[in-house]
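Chemist: Here it is, the structure in full.
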Amino acid sequence: MKKIQKILIANRGEIALRIIRTCKQMNIKTVAIYSEADSSSPHVSSADEAVLMGPGPSIQSYLLQDKIIAICKEKQVDAIHPGYGFLSENADFCRKVIEAGIIFIGPSPEAMEIMGSKLSAKNAVKHFETPLVPGTDEPISDIKVAKEIASKIGYPILIKASAGGGGKGMRIVKEEAEFEEQMNLAKSEAMSSFGDDACFIEKYVTSPRHIEIQILADHHGNCVYVFERECSIQRRHQKVIEEAPSSILTPEIREKMGQAAINAARSCNYTNAGTVEFIFDEDKNFYFLEMNTRLQVEHPVSEMISGLDLVAWQIKIAEGHPLTIKQEDLKINGHAIELRVYAENPRENFVPDIGTLSVYKRPEGEGVRVDDGFEEGMSIPIFYDPMIAKLIVHAENRNAAIAKLKEAIRAYKIEGIANTLDFGLFVLDHPQFLSGNYDTHFVPNFFKPEWLDGYLTKDEQDILASFMIAKRHVFEQDTYRDL
Ligand code: ADP
């Protein structure tokens, strides 16, 4: 067992700050890295030391693997926390870190590789009592055989790229006549986007919910599940509101899903914190989608209902400590909801916005948590994920949490950049959301941008109009994928 004294955080923004907070509580020294675009970021000033990596584009800064390892050696760093995005799921980087004698706070590179491809993940978990969406678990090579399987499964079906991610590389096929054409298109798209044309087919679940299970696994064979997160409120197949617990799960289904998640973790000898994503259908069947081998953006909702500090556990597990929590000790306490406050314009199909936070005032109060990485007057750099903050609330039950989140959204003042705060009010007021009975089609089915104006006073509408001048939107794609 090695006591970690110093951690380099190979990330930026809110997640770097969040990791630094726990390190401070654990008396661990921190080294931040940053790009020129982030030189005035709070994550730089909060760390004990900080090293400039290079210009804004992540390929010239946050993704410089060898430079990160060299800094660790120079600064006598014991461990790297990769956060999410960037290098967090890069097995080659993980291997290099370990070879350099540095602890990687995350799973083994082998586990990352198994879960990094959808097909190898399916093949690993299928022997471990984890239900899979009906479909194939080998790449499709013979169209005739694939068509036979598709008609057995029943249309609509979904063609997926094994190497796909971030909601990309998926095609819905409604009937057999379209099959061949869609398969050829899917393959060539997969080749050009991911350099690998392996595709497989799955039953298309028409009314799916996205429910994921947080797990923690140590190096001594212990694994627990820290309940679920309901992540069905998505725009462009990407999450925007998450809550825990899910209104749809009974204690029995929760236990079954938790056990299935533990089995998925066991299938790749998983260690550290991870998330097993499931798709949940109208008949309350759940199927394995994928495993994310890192800390998730939405981990705070699990922290708030469980009372655990997941980053602290990540560090303890990396040091070699056994999990001292037993499954039966974990209890769900109340309800938590997170709204991702994105620099995006919900009035214009969520196009990312850039600019300066001319006014930035956070809400405060008991059970209100803001994880962010900006201060008033700062600009949102164009190079990275356009998330400004995560606003998380915790209350004794779902209705109280919804009321608290609405109050916190109203108290949050952001000017200068379009954002998803009022979109959050729209969701929280919607009868379908209030009923708890919603699926991943909620936004396309119910959201009408013109309804947002009802949430703003005349003054607020004028302020918004004044800064929503035409702005150029240049974003580096693929820095973050499916977070
Ligand atoms: P990615 O890695 O690209 O994010 P996932 O497999 O995690 O792909 O799926 C992303 C989203 O696509 C899910 O949250 C869900 O909304 C939808 N999806 C995935 N598989 C299916 C399916 N078989 N049927 C219906 N929707 C699906």
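As shown in the structure tokens, the chain order sets the letters A, B, ...; within each chain, residues go from 1, and ligands are also counted from 1 in the order they appear.
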Based on DSSP run over this structure's backbone, return all residues of segment 138-309 of chain A in helix (DSSP H, G or I), as a ChimeraX atom specification.
Modeler: /A:143-153,176-194,251-267,299-306
Chemist: What's the 12 Å shell around Arg347 of chain A, counting only C-alpha atoms, without same-chain residues fewer than 5 positions away, as a PyMOL selection string?
Modeler: chain A and resi 352-353+418-423+447-453+464-465+468
Chemist: Print the selection's residues with N, CA, C and O atoms to a file, as a PDB file, in the first residue's frame.
Modeler:
```pdb
ATOM      1  N   PRO A 352     -23.414  25.649 -29.525  1.00  0.00           N
ATOM      2  CA  PRO A 352     -22.510  26.186 -28.505  1.00  0.00           C
ATOM      3  C   PRO A 352     -22.294  27.690 -28.675  1.00  0.00           C
ATOM      4  O   PRO A 352     -22.260  28.198 -29.797  1.00  0.00           O
ATOM      5  N   ASP A 353     -22.168  28.388 -27.565  1.00  0.00           N
ATOM      6  CA  ASP A 353     -21.945  29.834 -27.601  1.00  0.00           C
ATOM      7  C   ASP A 353     -20.592  30.132 -26.956  1.00  0.00           C
ATOM      8  O   ASP A 353     -20.103  29.356 -26.132  1.00  0.00           O
ATOM      9  N   ALA A 418     -25.055  32.653 -23.809  1.00  0.00           N
ATOM     10  CA  ALA A 418     -26.293  31.855 -23.822  1.00  0.00           C
ATOM     11  C   ALA A 418     -26.049  30.603 -22.988  1.00  0.00           C
ATOM     12  O   ALA A 418     -24.931  30.082 -22.957  1.00  0.00           O
ATOM     13  N   ASN A 419     -27.064  30.124 -22.305  1.00  0.00           N
ATOM     14  CA  ASN A 419     -26.857  28.956 -21.439  1.00  0.00           C
ATOM     15  C   ASN A 419     -28.157  28.179 -21.252  1.00  0.00           C
ATOM     16  O   ASN A 419     -29.216  28.622 -21.681  1.00  0.00           O
ATOM     17  N   THR A 420     -28.054  27.043 -20.576  1.00  0.00           N
ATOM     18  CA  THR A 420     -29.186  26.117 -20.464  1.00  0.00           C
ATOM     19  C   THR A 420     -29.978  26.284 -19.162  1.00  0.00           C
ATOM     20  O   THR A 420     -30.747  25.391 -18.798  1.00  0.00           O
ATOM     21  N   LEU A 421     -29.798  27.423 -18.455  1.00  0.00           N
ATOM     22  CA  LEU A 421     -30.523  27.593 -17.184  1.00  0.00           C
ATOM     23  C   LEU A 421     -32.037  27.609 -17.380  1.00  0.00           C
ATOM     24  O   LEU A 421     -32.765  26.893 -16.697  1.00  0.00           O
ATOM     25  N   ASP A 422     -32.532  28.421 -18.322  1.00  0.00           N
ATOM     26  CA  ASP A 422     -33.995  28.479 -18.471  1.00  0.00           C
ATOM     27  C   ASP A 422     -34.545  27.206 -19.119  1.00  0.00           C
ATOM     28  O   ASP A 422     -35.672  26.791 -18.845  1.00  0.00           O
ATOM     29  N   PHE A 423     -33.721  26.545 -19.915  1.00  0.00           N
ATOM     30  CA  PHE A 423     -34.132  25.234 -20.437  1.00  0.00           C
ATOM     31  C   PHE A 423     -34.390  24.282 -19.251  1.00  0.00           C
ATOM     32  O   PHE A 423     -35.344  23.495 -19.263  1.00  0.00           O
ATOM     33  N   PHE A 447     -39.879  19.661 -26.296  1.00  0.00           N
ATOM     34  CA  PHE A 447     -39.265  20.986 -26.141  1.00  0.00           C
ATOM     35  C   PHE A 447     -39.546  21.905 -27.326  1.00  0.00           C
ATOM     36  O   PHE A 447     -39.264  21.569 -28.469  1.00  0.00           O
ATOM     37  N   LYS A 448     -40.104  23.078 -27.006  1.00  0.00           N
ATOM     38  CA  LYS A 448     -40.342  24.106 -28.027  1.00  0.00           C
ATOM     39  C   LYS A 448     -39.619  25.366 -27.557  1.00  0.00           C
ATOM     40  O   LYS A 448     -39.978  25.929 -26.519  1.00  0.00           O
ATOM     41  N   PRO A 449     -38.599  25.820 -28.303  1.00  0.00           N
ATOM     42  CA  PRO A 449     -37.782  26.944 -27.841  1.00  0.00           C
ATOM     43  C   PRO A 449     -38.609  28.176 -27.458  1.00  0.00           C
ATOM     44  O   PRO A 449     -38.280  28.863 -26.488  1.00  0.00           O
ATOM     45  N   GLU A 450     -39.718  28.422 -28.185  1.00  0.00           N
ATOM     46  CA  GLU A 450     -40.465  29.658 -27.899  1.00  0.00           C
ATOM     47  C   GLU A 450     -41.055  29.665 -26.488  1.00  0.00           C
ATOM     48  O   GLU A 450     -41.345  30.718 -25.940  1.00  0.00           O
ATOM     49  N   TRP A 451     -41.194  28.468 -25.872  1.00  0.00           N
ATOM     50  CA  TRP A 451     -41.728  28.443 -24.523  1.00  0.00           C
ATOM     51  C   TRP A 451     -40.762  29.062 -23.517  1.00  0.00           C
ATOM     52  O   TRP A 451     -41.149  29.456 -22.429  1.00  0.00           O
ATOM     53  N   LEU A 452     -39.491  29.131 -23.890  1.00  0.00           N
ATOM     54  CA  LEU A 452     -38.503  29.630 -22.929  1.00  0.00           C
ATOM     55  C   LEU A 452     -38.747  31.088 -22.553  1.00  0.00           C
ATOM     56  O   LEU A 452     -38.477  31.497 -21.428  1.00  0.00           O
ATOM     57  N   ASP A 453     -39.271  31.869 -23.500  1.00  0.00           N
ATOM     58  CA  ASP A 453     -39.436  33.291 -23.203  1.00  0.00           C
ATOM     59  C   ASP A 453     -40.368  33.520 -22.022  1.00  0.00           C
ATOM     60  O   ASP A 453     -40.235  34.502 -21.303  1.00  0.00           O
ATOM     61  N   LEU A 464     -30.688  39.321 -22.713  1.00  0.00           N
ATOM     62  CA  LEU A 464     -30.326  38.180 -23.562  1.00  0.00           C
ATOM     63  C   LEU A 464     -30.161  38.626 -25.016  1.00  0.00           C
ATOM     64  O   LEU A 464     -29.157  38.309 -25.663  1.00  0.00           O
ATOM     65  N   ALA A 465     -31.122  39.405 -25.493  1.00  0.00           N
ATOM     66  CA  ALA A 465     -31.061  39.853 -26.887  1.00  0.00           C
ATOM     67  C   ALA A 465     -29.804  40.689 -27.120  1.00  0.00           C
ATOM     68  O   ALA A 465     -29.170  40.596 -28.168  1.00  0.00           O
ATOM     69  N   MET A 468     -26.814  38.311 -27.506  1.00  0.00           N
ATOM     70  CA  MET A 468     -26.905  37.228 -28.484  1.00  0.00           C
ATOM     71  C   MET A 468     -26.708  37.740 -29.914  1.00  0.00           C
ATOM     72  O   MET A 468     -27.504  37.477 -30.806  1.00  0.00           O
TER      73      MET A 468
END
```
Chemist: Quote the spacing between atom CA of Pro381 of chain A and atom CA of Asp38 of chain A in Å to one decimal place.
Modeler: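 Taking atom CA of Pro381 of chain A as the start and atom CA of Asp38 of chain A as the end point, the length is 7.7 Å.
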Chemist: Could you please determine the separation between atom CA of Ala190 of chain A and atom CA of Phe278 of chain A in Å, to one decimal place?
Modeler: 22.8 Å
Chemist: Enumerate residues in contact with ligand 1: an atom-to-atom distance of at most 9 Å, counting only C-alpha atoms and all ligand atoms. Format the result as a PyMOL selection string.
Modeler: chain A and resi 118+133-135+157-170+172+201-211+231-232+234+237-239+277-279+281+287-291+439-441+481-483
Chemist: Mind writing the picked residues with C-alpha atoms as a compact mmCIF listing (two decimals), in the first residue's frame?
Modeler:
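Output (selection-v4.txt):
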```txt
# COMPACT_ATOMS: atom_id res chain seq x y z
CA LYS A 118 -18.62 -2.09 -27.84
CA VAL A 133 -29.87 -5.98 -26.12
CA PRO A 134 -31.01 -8.74 -28.54
CA GLY A 135 -28.65 -8.58 -31.51
CA ILE A 157 -33.24 -2.38 -35.57
CA LEU A 158 -30.18 -0.29 -34.88
CA ILE A 159 -26.84 -0.61 -36.66
CA LYS A 160 -23.96 0.46 -34.42
CA ALA A 161 -20.26 0.95 -35.03
CA SER A 162 -18.19 -1.09 -32.59
CA ALA A 163 -15.73 1.77 -32.20
CA GLY A 164 -18.50 4.40 -32.04
CA GLY A 165 -18.98 6.92 -29.27
CA GLY A 166 -20.61 10.22 -28.38
CA GLY A 167 -23.87 9.12 -29.96
CA LYS A 168 -22.15 8.84 -33.35
CA GLY A 169 -22.12 5.87 -35.71
CA MET A 170 -25.70 4.66 -35.17
CA ILE A 172 -31.99 3.04 -37.34
CA ILE A 201 -26.96 -4.88 -35.04
CA GLU A 202 -29.21 -4.47 -32.04
CA LYS A 203 -32.91 -4.32 -31.43
CA TYR A 204 -33.96 -0.67 -31.45
CA VAL A 205 -35.65 0.02 -28.15
CA THR A 206 -38.40 2.46 -29.12
CA SER A 207 -39.02 4.10 -25.76
CA PRO A 208 -35.69 3.80 -23.97
CA ARG A 209 -34.54 5.24 -20.69
CA HIS A 210 -30.85 5.63 -20.03
CA ILE A 211 -30.12 4.41 -16.52
CA CYS A 231 -29.92 10.21 -17.47
CA SER A 232 -32.77 10.17 -19.99
CA GLN A 234 -30.65 14.30 -23.38
CA HIS A 237 -27.96 11.86 -27.47
CA GLN A 238 -25.99 13.68 -24.76
CA LYS A 239 -27.10 14.11 -21.16
CA GLU A 277 -24.77 2.11 -18.64
CA PHE A 278 -28.04 0.33 -19.32
CA ILE A 279 -30.92 0.92 -21.64
CA ASP A 281 -37.41 -0.47 -21.95
CA TYR A 287 -29.83 -4.23 -21.19
CA PHE A 288 -26.10 -3.49 -20.99
CA LEU A 289 -25.03 -0.60 -23.25
CA GLU A 290 -21.44 0.10 -22.28
CA MET A 291 -19.10 0.69 -19.38
CA ASP A 439 -37.65 8.56 -21.96
CA THR A 440 -34.66 9.71 -24.03
CA HIS A 441 -37.02 11.30 -26.58
CA ARG A 481 -16.83 12.09 -26.09
CA ASP A 482 -19.96 10.68 -24.54
CA LEU A 483 -19.50 12.04 -21.07
```
Chemist: Would you pick out the contacts of Phe104 of chain A at 12 Å or less, using only C-alpha atoms, so that residues sharing its chain but fewer than 6 positions from it are not included, and give the list as a ChimeraX atom specification?
Modeler: /A:4,7-10,69,72,77-83,87-98,271-272,294,314-315,317-320
Chemist: Quick one: write out the picked residues with N, CA and C atoms as a JSON list (two decimals), in the first residue's frame?
Modeler:
```json
[["chain", "number", "residue", "atom", "x", "y", "z"],
["A", 4, "ILE", "N", -0.33, 8.09, -1.19],
["A", 4, "ILE", "CA", -0.14, 9.09, -2.25],
["A", 4, "ILE", "C", 0.05, 10.47, -1.60],
["A", 7, "ILE", "N", -0.57, 14.53, -6.31],
["A", 7, "ILE", "CA", -1.32, 14.09, -7.50],
["A", 7, "ILE", "C", -1.23, 15.16, -8.58],
["A", 8, "LEU", "N", -0.96, 14.72, -9.81],
["A", 8, "LEU", "CA", -1.10, 15.63, -10.95],
["A", 8, "LEU", "C", -2.48, 15.41, -11.54],
["A", 9, "ILE", "N", -3.19, 16.51, -11.78],
["A", 9, "ILE", "CA", -4.53, 16.39, -12.36],
["A", 9, "ILE", "C", -4.41, 16.70, -13.84],
["A", 10, "ALA", "N", -4.60, 15.66, -14.66],
["A", 10, "ALA", "CA", -4.42, 15.81, -16.11],
["A", 10, "ALA", "C", -5.75, 16.25, -16.73],
["A", 69, "ILE", "N", 3.98, 13.03, -18.25],
["A", 69, "ILE", "CA", 4.78, 12.07, -17.47],
["A", 69, "ILE", "C", 6.11, 12.72, -17.02],
["A", 72, "CYS", "N", 5.49, 14.86, -14.05],
["A", 72, "CYS", "CA", 5.32, 14.03, -12.85],
["A", 72, "CYS", "C", 6.69, 13.67, -12.25],
["A", 77, "VAL", "N", 5.70, 13.49, -8.49],
["A", 77, "VAL", "CA", 4.27, 13.19, -8.35],
["A", 77, "VAL", "C", 4.09, 11.68, -8.20],
["A", 78, "ASP", "N", 3.22, 11.26, -7.28],
["A", 78, "ASP", "CA", 2.98, 9.81, -7.09],
["A", 78, "ASP", "C", 1.90, 9.27, -8.01],
["A", 79, "ALA", "N", 0.92, 10.12, -8.35],
["A", 79, "ALA", "CA", -0.25, 9.58, -9.06],
["A", 79, "ALA", "C", -0.86, 10.63, -9.98],
["A", 80, "ILE", "N", -1.52, 10.14, -11.03],
["A", 80, "ILE", "CA", -2.22, 11.03, -11.97],
["A", 80, "ILE", "C", -3.71, 10.76, -11.86],
["A", 81, "HIS", "N", -4.49, 11.83, -11.70],
["A", 81, "HIS", "CA", -5.95, 11.68, -11.82],
["A", 81, "HIS", "C", -6.34, 12.26, -13.18],
["A", 82, "PRO", "N", -6.94, 11.45, -14.06],
["A", 82, "PRO", "CA", -7.22, 11.95, -15.41],
["A", 82, "PRO", "C", -8.56, 12.66, -15.56],
["A", 83, "GLY", "N", -9.41, 12.66, -14.51],
["A", 83, "GLY", "CA", -10.75, 13.28, -14.65],
["A", 83, "GLY", "C", -11.58, 12.53, -15.67],
["A", 87, "LEU", "N", -7.44, 12.28, -21.56],
["A", 87, "LEU", "CA", -6.71, 10.99, -21.60],
["A", 87, "LEU", "C", -7.32, 9.93, -20.68],
["A", 88, "SER", "N", -8.51, 10.23, -20.14],
["A", 88, "SER", "CA", -9.02, 9.37, -19.07],
["A", 88, "SER", "C", -9.32, 7.94, -19.51],
["A", 89, "GLU", "N", -9.61, 7.73, -20.81],
["A", 89, "GLU", "CA", -9.91, 6.36, -21.25],
["A", 89, "GLU", "C", -8.90, 5.89, -22.28],
["A", 90, "ASN", "N", -7.70, 6.44, -22.20],
["A", 90, "ASN", "CA", -6.67, 6.10, -23.17],
["A", 90, "ASN", "C", -5.75, 5.04, -22.56],
["A", 91, "ALA", "N", -5.93, 3.80, -23.02],
["A", 91, "ALA", "CA", -5.20, 2.67, -22.42],
["A", 91, "ALA", "C", -3.68, 2.81, -22.64],
["A", 92, "ASP", "N", -3.27, 3.37, -23.79],
["A", 92, "ASP", "CA", -1.83, 3.51, -24.04],
["A", 92, "ASP", "C", -1.21, 4.47, -23.04],
["A", 93, "PHE", "N", -1.92, 5.57, -22.77],
["A", 93, "PHE", "CA", -1.42, 6.53, -21.78],
["A", 93, "PHE", "C", -1.33, 5.87, -20.41],
["A", 94, "CYS", "N", -2.39, 5.17, -20.06],
["A", 94, "CYS", "CA", -2.44, 4.50, -18.75],
["A", 94, "CYS", "C", -1.24, 3.56, -18.59],
["A", 95, "ARG", "N", -0.94, 2.82, -19.65],
["A", 95, "ARG", "CA", 0.19, 1.88, -19.63],
["A", 95, "ARG", "C", 1.52, 2.63, -19.44],
["A", 96, "LYS", "N", 1.66, 3.74, -20.17],
["A", 96, "LYS", "CA", 2.90, 4.53, -20.06],
["A", 96, "LYS", "C", 3.08, 5.07, -18.65],
["A", 97, "VAL", "N", 1.98, 5.51, -18.06],
["A", 97, "VAL", "CA", 2.02, 6.07, -16.70],
["A", 97, "VAL", "C", 2.51, 4.99, -15.73],
["A", 98, "ILE", "N", 1.93, 3.80, -15.86],
["A", 98, "ILE", "CA", 2.29, 2.71, -14.94],
["A", 98, "ILE", "C", 3.76, 2.32, -15.16],
["A", 271, "THR", "N", -11.18, -2.32, -11.60],
["A", 271, "THR", "CA", -10.86, -1.70, -10.31],
["A", 271, "THR", "C", -11.11, -0.19, -10.43],
["A", 272, "ASN", "N", -11.34, 0.43, -9.27],
["A", 272, "ASN", "CA", -11.60, 1.87, -9.14],
["A", 272, "ASN", "C", -13.08, 2.21, -9.42],
["A", 294, "ARG", "N", -14.16, 5.45, -16.01],
["A", 294, "ARG", "CA", -13.66, 6.71, -15.43],
["A", 294, "ARG", "C", -14.74, 7.33, -14.56],
["A", 314, "GLN", "N", -11.73, 6.88, -5.03],
["A", 314, "GLN", "CA", -10.84, 6.56, -6.16],
["A", 314, "GLN", "C", -9.37, 6.57, -5.70],
["A", 315, "ILE", "N", -9.06, 7.59, -4.88],
["A", 315, "ILE", "CA", -7.66, 7.73, -4.42],
["A", 315, "ILE", "C", -7.31, 6.59, -3.46],
["A", 317, "ILE", "N", -8.63, 3.63, -3.25],
["A", 317, "ILE", "CA", -8.53, 2.36, -3.99],
["A", 317, "ILE", "C", -7.19, 2.31, -4.73],
["A", 318, "ALA", "N", -6.81, 3.44, -5.34],
["A", 318, "ALA", "CA", -5.54, 3.48, -6.08],
["A", 318, "ALA", "C", -4.35, 3.25, -5.14],
["A", 319, "GLU", "N", -4.51, 3.66, -3.88],
["A", 319, "GLU", "CA", -3.43, 3.43, -2.91],
["A", 319, "GLU", "C", -3.36, 1.97, -2.48],
["A", 320, "GLY", "N", -4.42, 1.22, -2.78],
["A", 320, "GLY", "CA", -4.44, -0.20, -2.43],
["A", 320, "GLY", "C", -5.33, -0.53, -1.25]]
```
Chemist: Pick out the closest residue to Val351 of chain A from this set: A:Arg266, A:Arg236, A:Lys73, A:Lys284. Count only C-alpha atoms.
Modeler: A:Arg236
Chemist: Using only C-alpha atoms, can you tell me which of A:Glu396, A:Asp429, A:Glu129, A:Glu14 comes closest to Gly367 of chain A?
Modeler: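 Counting only C-alpha atoms, the residue closest to Gly367 of chain A is A:Glu396.
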Chemist: Name the residues of segment 162-290 of chain A that fall into strand (DSSP E) according to DSSP on the backbone, using the chain letters and numbers of this document, as an MDAnalysis selection string.
Modeler: chainID A and resid 170:173 199:203 209:217 223:235 238:244 272:280 286:290
